[in-house]
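For reference, the structure is listed below as structure tokens.
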Amino acid sequence: MTVPILDDLHTDTDEVVRRSVANHLNDISRLDPVLAVSTARRWSEGATATTPALVKHAMRTLIKQADAQALDLLGFAPPSADLVITGPELRSTKVTQVDELVFGVDVFNDGPAPVRLAVDYVIHYRKANGSTAPRVFKLTTRTLAPGRRLALERRHSFKPISTRRHYPGAHALEIQINGRRSGKAEFIVDL
């Protein structure tokens, strides 16, 4: 196993080496999430100034997958009833290859304490067989003070790319905050 090598290198003075360590731990997280989180937690306990950024980068796939242990490690508690989420609201429910899907979401902290937020969005892409497959994209990471509102807007392109083929028909969008999905909005892709 490569974890002993990563243990030796995670505090290296060279940023390129630390980034490589984070990428490798992220790769491990796809095969063994428990090992990846426990390794990152151990590194966080003896943290240097560069450790938080390394751990955040290493946990990125698990955060998108809503892994409870990774979310907890980075300080993202499950959303409470005090967090009021409005949206997503779509500017248009029809998208072509030359358009972008434009959407907004509004988050209000009605609670008494600040809330650390990992805000992602999920596109449920239509596949060739008519089913859909979700893909998670990072929107932002913020701390929202009590009584404060966070209004976000994003544009998502449907231009043809070599790594993803788009199929016409019904797609959907959801917002994911601290691993919990909410507010599904459907739209049509017309190619």
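Identifiers for the structure tokens are assigned positionally: chains receive A, B, ... in sequence, residues are indexed from 1 per chain, and ligands are indexed from 1 in the order shown.
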
For stretch 124-141 of chain A, please output as a CSV table (one decimal) with all heavy atoms, in the first residue's frame all residues within 9 Å (counting only C-alpha atoms; exclusion window: fewer than 5 positions along the same chain).
chain,number,residue,atom,x,y,z
A,64,LYS,N,-18.3,15.4,-3.2
A,64,LYS,CA,-19.3,15.3,-4.3
A,64,LYS,C,-20.2,14.1,-4.1
A,64,LYS,O,-21.3,14.1,-4.5
A,64,LYS,CB,-18.6,15.3,-5.6
A,64,LYS,CG,-18.0,16.6,-6.1
A,64,LYS,CD,-17.4,16.5,-7.5
A,64,LYS,CE,-16.9,17.8,-8.0
A,64,LYS,NZ,-16.4,17.7,-9.4
A,65,GLN,N,-19.6,13.0,-3.6
A,65,GLN,CA,-20.4,11.8,-3.4
A,65,GLN,C,-21.2,11.8,-2.1
A,65,GLN,O,-21.9,10.9,-1.7
A,65,GLN,CB,-19.5,10.6,-3.3
A,65,GLN,CG,-18.8,10.3,-4.7
A,65,GLN,CD,-17.8,9.1,-4.6
A,65,GLN,OE1,-17.4,8.7,-3.5
A,65,GLN,NE2,-17.4,8.7,-5.8
A,116,ARG,N,-21.3,26.3,7.9
A,116,ARG,CA,-20.3,26.1,6.8
A,116,ARG,C,-21.0,25.2,5.7
A,116,ARG,O,-21.6,24.2,6.0
A,116,ARG,CB,-19.1,25.3,7.4
A,116,ARG,CG,-18.0,25.2,6.5
A,116,ARG,CD,-16.7,24.9,7.3
A,116,ARG,NE,-15.7,24.2,6.5
A,116,ARG,CZ,-15.0,24.7,5.5
A,116,ARG,NH1,-15.2,26.0,5.1
A,116,ARG,NH2,-14.2,24.0,4.8
A,117,LEU,N,-20.9,25.7,4.5
A,117,LEU,CA,-21.7,25.1,3.4
A,117,LEU,C,-20.7,24.7,2.3
A,117,LEU,O,-19.9,25.4,1.8
A,117,LEU,CB,-22.6,26.2,2.8
A,117,LEU,CG,-23.7,26.8,3.7
A,117,LEU,CD1,-24.4,27.9,3.0
A,117,LEU,CD2,-24.6,25.7,4.2
A,118,ALA,N,-21.0,23.5,1.8
A,118,ALA,CA,-20.4,22.9,0.5
A,118,ALA,C,-21.6,22.9,-0.4
A,118,ALA,O,-22.4,22.0,-0.3
A,118,ALA,CB,-19.8,21.6,0.8
A,119,VAL,N,-21.7,23.8,-1.4
A,119,VAL,CA,-22.8,23.9,-2.3
A,119,VAL,C,-22.4,23.3,-3.6
A,119,VAL,O,-21.4,23.9,-4.2
A,119,VAL,CB,-23.3,25.3,-2.4
A,119,VAL,CG1,-24.6,25.4,-3.3
A,119,VAL,CG2,-23.6,25.9,-1.0
A,152,LEU,N,-26.9,32.6,-5.3
A,152,LEU,CA,-25.9,32.1,-6.2
A,152,LEU,C,-26.6,32.0,-7.6
A,152,LEU,O,-27.8,31.6,-7.7
A,152,LEU,CB,-25.4,30.8,-5.8
A,152,LEU,CG,-24.7,30.7,-4.4
A,152,LEU,CD1,-24.5,29.3,-4.0
A,152,LEU,CD2,-23.4,31.4,-4.5
A,154,ARG,N,-25.5,30.4,-11.6
A,154,ARG,CA,-24.4,29.7,-12.4
A,154,ARG,C,-24.9,29.4,-13.8
A,154,ARG,O,-26.1,29.3,-14.0
A,154,ARG,CB,-24.2,28.3,-11.7
A,154,ARG,CG,-23.3,27.4,-12.4
A,154,ARG,CD,-21.8,27.9,-12.6
A,154,ARG,NE,-21.1,28.1,-11.4
A,154,ARG,CZ,-20.2,27.4,-11.0
A,154,ARG,NH1,-19.8,26.3,-11.6
A,154,ARG,NH2,-19.5,27.7,-9.9
A,165,ARG,N,-21.2,13.1,-24.4
A,165,ARG,CA,-22.1,13.3,-25.5
A,165,ARG,C,-23.5,13.7,-24.9
A,165,ARG,O,-23.9,13.0,-23.9
A,165,ARG,CB,-22.2,12.0,-26.3
A,165,ARG,CG,-23.2,12.2,-27.4
A,165,ARG,CD,-23.0,11.1,-28.5
A,165,ARG,NE,-24.0,11.4,-29.5
A,165,ARG,CZ,-24.4,10.5,-30.4
A,165,ARG,NH1,-24.0,9.3,-30.3
A,165,ARG,NH2,-25.3,10.8,-31.3
A,166,HIS,N,-24.1,14.7,-25.4
A,166,HIS,CA,-25.4,15.1,-24.9
A,166,HIS,C,-26.5,14.5,-25.8
A,166,HIS,O,-26.4,14.4,-27.0
A,166,HIS,CB,-25.5,16.6,-25.0
A,166,HIS,CG,-24.5,17.3,-24.1
A,166,HIS,ND1,-24.5,17.2,-22.7
A,166,HIS,CD2,-23.4,18.1,-24.4
A,166,HIS,CE1,-23.5,17.9,-22.2
A,166,HIS,NE2,-22.8,18.4,-23.2
A,167,TYR,N,-27.6,14.1,-25.1
A,167,TYR,CA,-28.7,13.5,-25.8
A,167,TYR,C,-29.9,14.4,-25.6
A,167,TYR,O,-30.1,15.0,-24.5
A,167,TYR,CB,-29.0,12.1,-25.3
A,167,TYR,CG,-27.9,11.1,-25.6
A,167,TYR,CD1,-26.9,10.9,-24.7
A,167,TYR,CD2,-27.8,10.5,-26.9
A,167,TYR,CE1,-25.8,10.0,-25.0
A,167,TYR,CE2,-26.8,9.6,-27.2
A,167,TYR,CZ,-25.8,9.4,-26.2
A,167,TYR,OH,-24.8,8.6,-26.5
A,168,PRO,N,-30.7,14.6,-26.6
A,168,PRO,CA,-31.9,15.4,-26.5
A,168,PRO,C,-32.9,14.8,-25.6
A,168,PRO,O,-33.0,13.6,-25.4
A,168,PRO,CB,-32.4,15.5,-27.9
A,168,PRO,CG,-31.9,14.3,-28.6
A,168,PRO,CD,-30.6,14.0,-28.0
A,169,GLY,N,-33.7,15.7,-25.0
A,169,GLY,CA,-34.8,15.2,-24.1
A,169,GLY,C,-34.7,15.8,-22.7
A,169,GLY,O,-34.0,16.7,-22.5
A,170,ALA,N,-35.5,15.1,-21.8
A,170,ALA,CA,-35.6,15.6,-20.5
A,170,ALA,C,-34.3,15.4,-19.6
A,170,ALA,O,-33.8,14.3,-19.6
A,170,ALA,CB,-36.8,15.0,-19.8
A,171,HIS,N,-33.9,16.4,-19.0
A,171,HIS,CA,-32.8,16.4,-18.0
A,171,HIS,C,-33.3,17.0,-16.7
A,171,HIS,O,-34.4,17.5,-16.7
A,171,HIS,CB,-31.6,17.2,-18.5
A,171,HIS,CG,-30.9,16.6,-19.7
A,171,HIS,ND1,-31.5,16.4,-20.9
A,171,HIS,CD2,-29.6,16.3,-19.9
A,171,HIS,CE1,-30.7,15.9,-21.8
A,171,HIS,NE2,-29.5,15.9,-21.2
A,172,ALA,N,-32.5,17.0,-15.7
A,172,ALA,CA,-32.9,17.6,-14.4
A,172,ALA,C,-31.7,18.2,-13.7
A,172,ALA,O,-30.5,17.8,-14.0
A,172,ALA,CB,-33.6,16.6,-13.5
A,173,LEU,N,-32.0,19.1,-12.8
A,173,LEU,CA,-31.0,19.8,-12.0
A,173,LEU,C,-31.4,19.7,-10.5
A,173,LEU,O,-32.6,20.0,-10.2
A,173,LEU,CB,-30.8,21.2,-12.5
A,173,LEU,CG,-30.0,22.2,-11.6
A,173,LEU,CD1,-28.5,21.9,-11.8
A,173,LEU,CD2,-30.3,23.6,-11.9
A,174,GLU,N,-30.5,19.4,-9.7
A,174,GLU,CA,-30.7,19.5,-8.2
A,174,GLU,C,-29.6,20.3,-7.6
A,174,GLU,O,-28.5,20.3,-8.1
A,174,GLU,CB,-30.7,18.1,-7.6
A,174,GLU,CG,-31.9,17.3,-7.8
A,174,GLU,CD,-31.8,15.9,-7.1
A,174,GLU,OE1,-31.0,15.1,-7.5
A,174,GLU,OE2,-32.6,15.7,-6.2
A,176,GLN,N,-27.2,20.4,-4.2
A,176,GLN,CA,-26.7,19.6,-3.1
A,176,GLN,C,-25.9,20.4,-2.1
A,176,GLN,O,-24.9,21.0,-2.5
A,176,GLN,CB,-25.8,18.5,-3.7
A,176,GLN,CG,-25.2,17.5,-2.6
A,176,GLN,CD,-24.5,16.4,-3.3
A,176,GLN,OE1,-25.1,15.5,-3.9
A,176,GLN,NE2,-23.1,16.3,-3.2
A,189,VAL,N,-33.3,19.4,-23.2
A,189,VAL,CA,-32.1,19.7,-24.1
A,189,VAL,C,-32.6,19.4,-25.5
A,189,VAL,O,-33.0,18.3,-25.8
A,189,VAL,CB,-30.9,18.9,-23.7
A,189,VAL,CG1,-29.8,19.1,-24.8
A,189,VAL,CG2,-30.4,19.3,-22.4

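The residues of stretch 73-119 of chain A that DSSP classifies as strand (DSSP E), using the backbone of this structure, are Leu83, Val84, Ile85, Thr86, Gly87, Pro88, Glu89, Leu90, Lys94, Val95, Glu100, Leu101, Val102, Phe103, Gly104, Val105, Asp106, Val107, Phe108, Asn109, Val115, Arg116, Leu117, Ala118 and Val119 of chain A.
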
Leaving out stretch 33-41 of chain A and any residue of its chain fewer than 3 positions from it, which residues lie within 8 Å of it when counting only C-alpha atoms, given as number ranges by chain?
-> A: 3, 25-26, 28-30, 44-45, 55, 58-59, 62, 69-70, 73

With C-alpha atoms retained, export the selected residues as an mmCIF file, in the first residue's frame.
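Now in result.cif:
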data_model
loop_
_atom_site.group_PDB
_atom_site.id
_atom_site.type_symbol
_atom_site.label_atom_id
_atom_site.label_comp_id
_atom_site.auth_asym_id
_atom_site.auth_seq_id
_atom_site.Cartn_x
_atom_site.Cartn_y
_atom_site.Cartn_z
ATOM 1 C CA VAL A 3 -0.106 5.209 2.386
ATOM 2 C CA LEU A 25 -5.253 10.118 -1.748
ATOM 3 C CA ASN A 26 -8.234 11.216 -3.857
ATOM 4 C CA ILE A 28 -7.489 5.948 -3.036
ATOM 5 C CA SER A 29 -10.824 7.421 -1.897
ATOM 6 C CA ARG A 30 -12.508 5.912 -4.965
ATOM 7 C CA SER A 44 -5.305 16.877 10.179
ATOM 8 C CA GLU A 45 -4.546 16.072 13.825
ATOM 9 C CA VAL A 55 -6.940 17.498 2.813
ATOM 10 C CA ALA A 58 -7.849 15.006 -1.395
ATOM 11 C CA MET A 59 -11.473 14.756 -0.207
ATOM 12 C CA LEU A 62 -15.948 12.079 -1.470
ATOM 13 C CA GLN A 69 -17.209 11.106 7.146
ATOM 14 C CA ALA A 70 -15.448 13.337 4.599
ATOM 15 C CA LEU A 73 -13.809 15.996 8.514
#

Which residues come within 7 Å of A:Leu9, counting only C-alpha atoms, excluding same-chain residues fewer than 4 positions away, as a PyMOL selection string?
-> chain A and resi 5+18+21

Could you write out the selected residues, including N, CA, C and O atoms, as a compact mmCIF listing (two decimals), in the first residue's frame?
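Dumped to part05.txt:
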# COMPACT_ATOMS: atom_id res chain seq x y z
N ILE A 5 4.13 5.94 2.11
CA ILE A 5 4.87 6.90 1.28
C ILE A 5 4.17 8.27 1.35
O ILE A 5 4.83 9.30 1.49
N ARG A 18 3.02 18.02 -2.62
CA ARG A 18 1.81 17.94 -1.78
C ARG A 18 0.56 17.76 -2.64
O ARG A 18 -0.35 17.02 -2.29
N VAL A 21 0.36 14.24 -3.70
CA VAL A 21 -0.09 13.43 -2.56
C VAL A 21 -1.62 13.53 -2.43
O VAL A 21 -2.31 12.51 -2.26

From the set A:Arg142, A:Arg91, A:Arg19, A:His10, which residue has the shortest atom-to-atom contact distance to A:Asn178, counting only C-alpha atoms?
-> A:Arg142

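Closest approach to A:Ile85 among A:Ala113, A:Ile177, A:Leu54, A:Ala49 is made by A:Ile177 (distances from only C-alpha atoms).
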
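Nearest residue to A:Leu101, choosing from A:Ala47, A:Ala77, A:Ile188, A:Ala145 and counting only C-alpha atoms: A:Ile188.
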
Selected residue of minimal separation from A:Leu191 among A:Asp7, A:Asp99, A:Asp67, A:Asp32, counting only C-alpha atoms | A:Asp99

Min atom-atom distance to A:Phe76 from the set A:Thr143, A:Thr2, A:Thr11, A:Ser162, counting only C-alpha atoms, belongs to A:Thr143

Return as a ChimeraX atom specification the full set of residues in chain A whose backbone-based DSSP assignment is helix (DSSP H, G or I).
-> /A:3-9,15-31,33-45,51-58,60-64,68-73
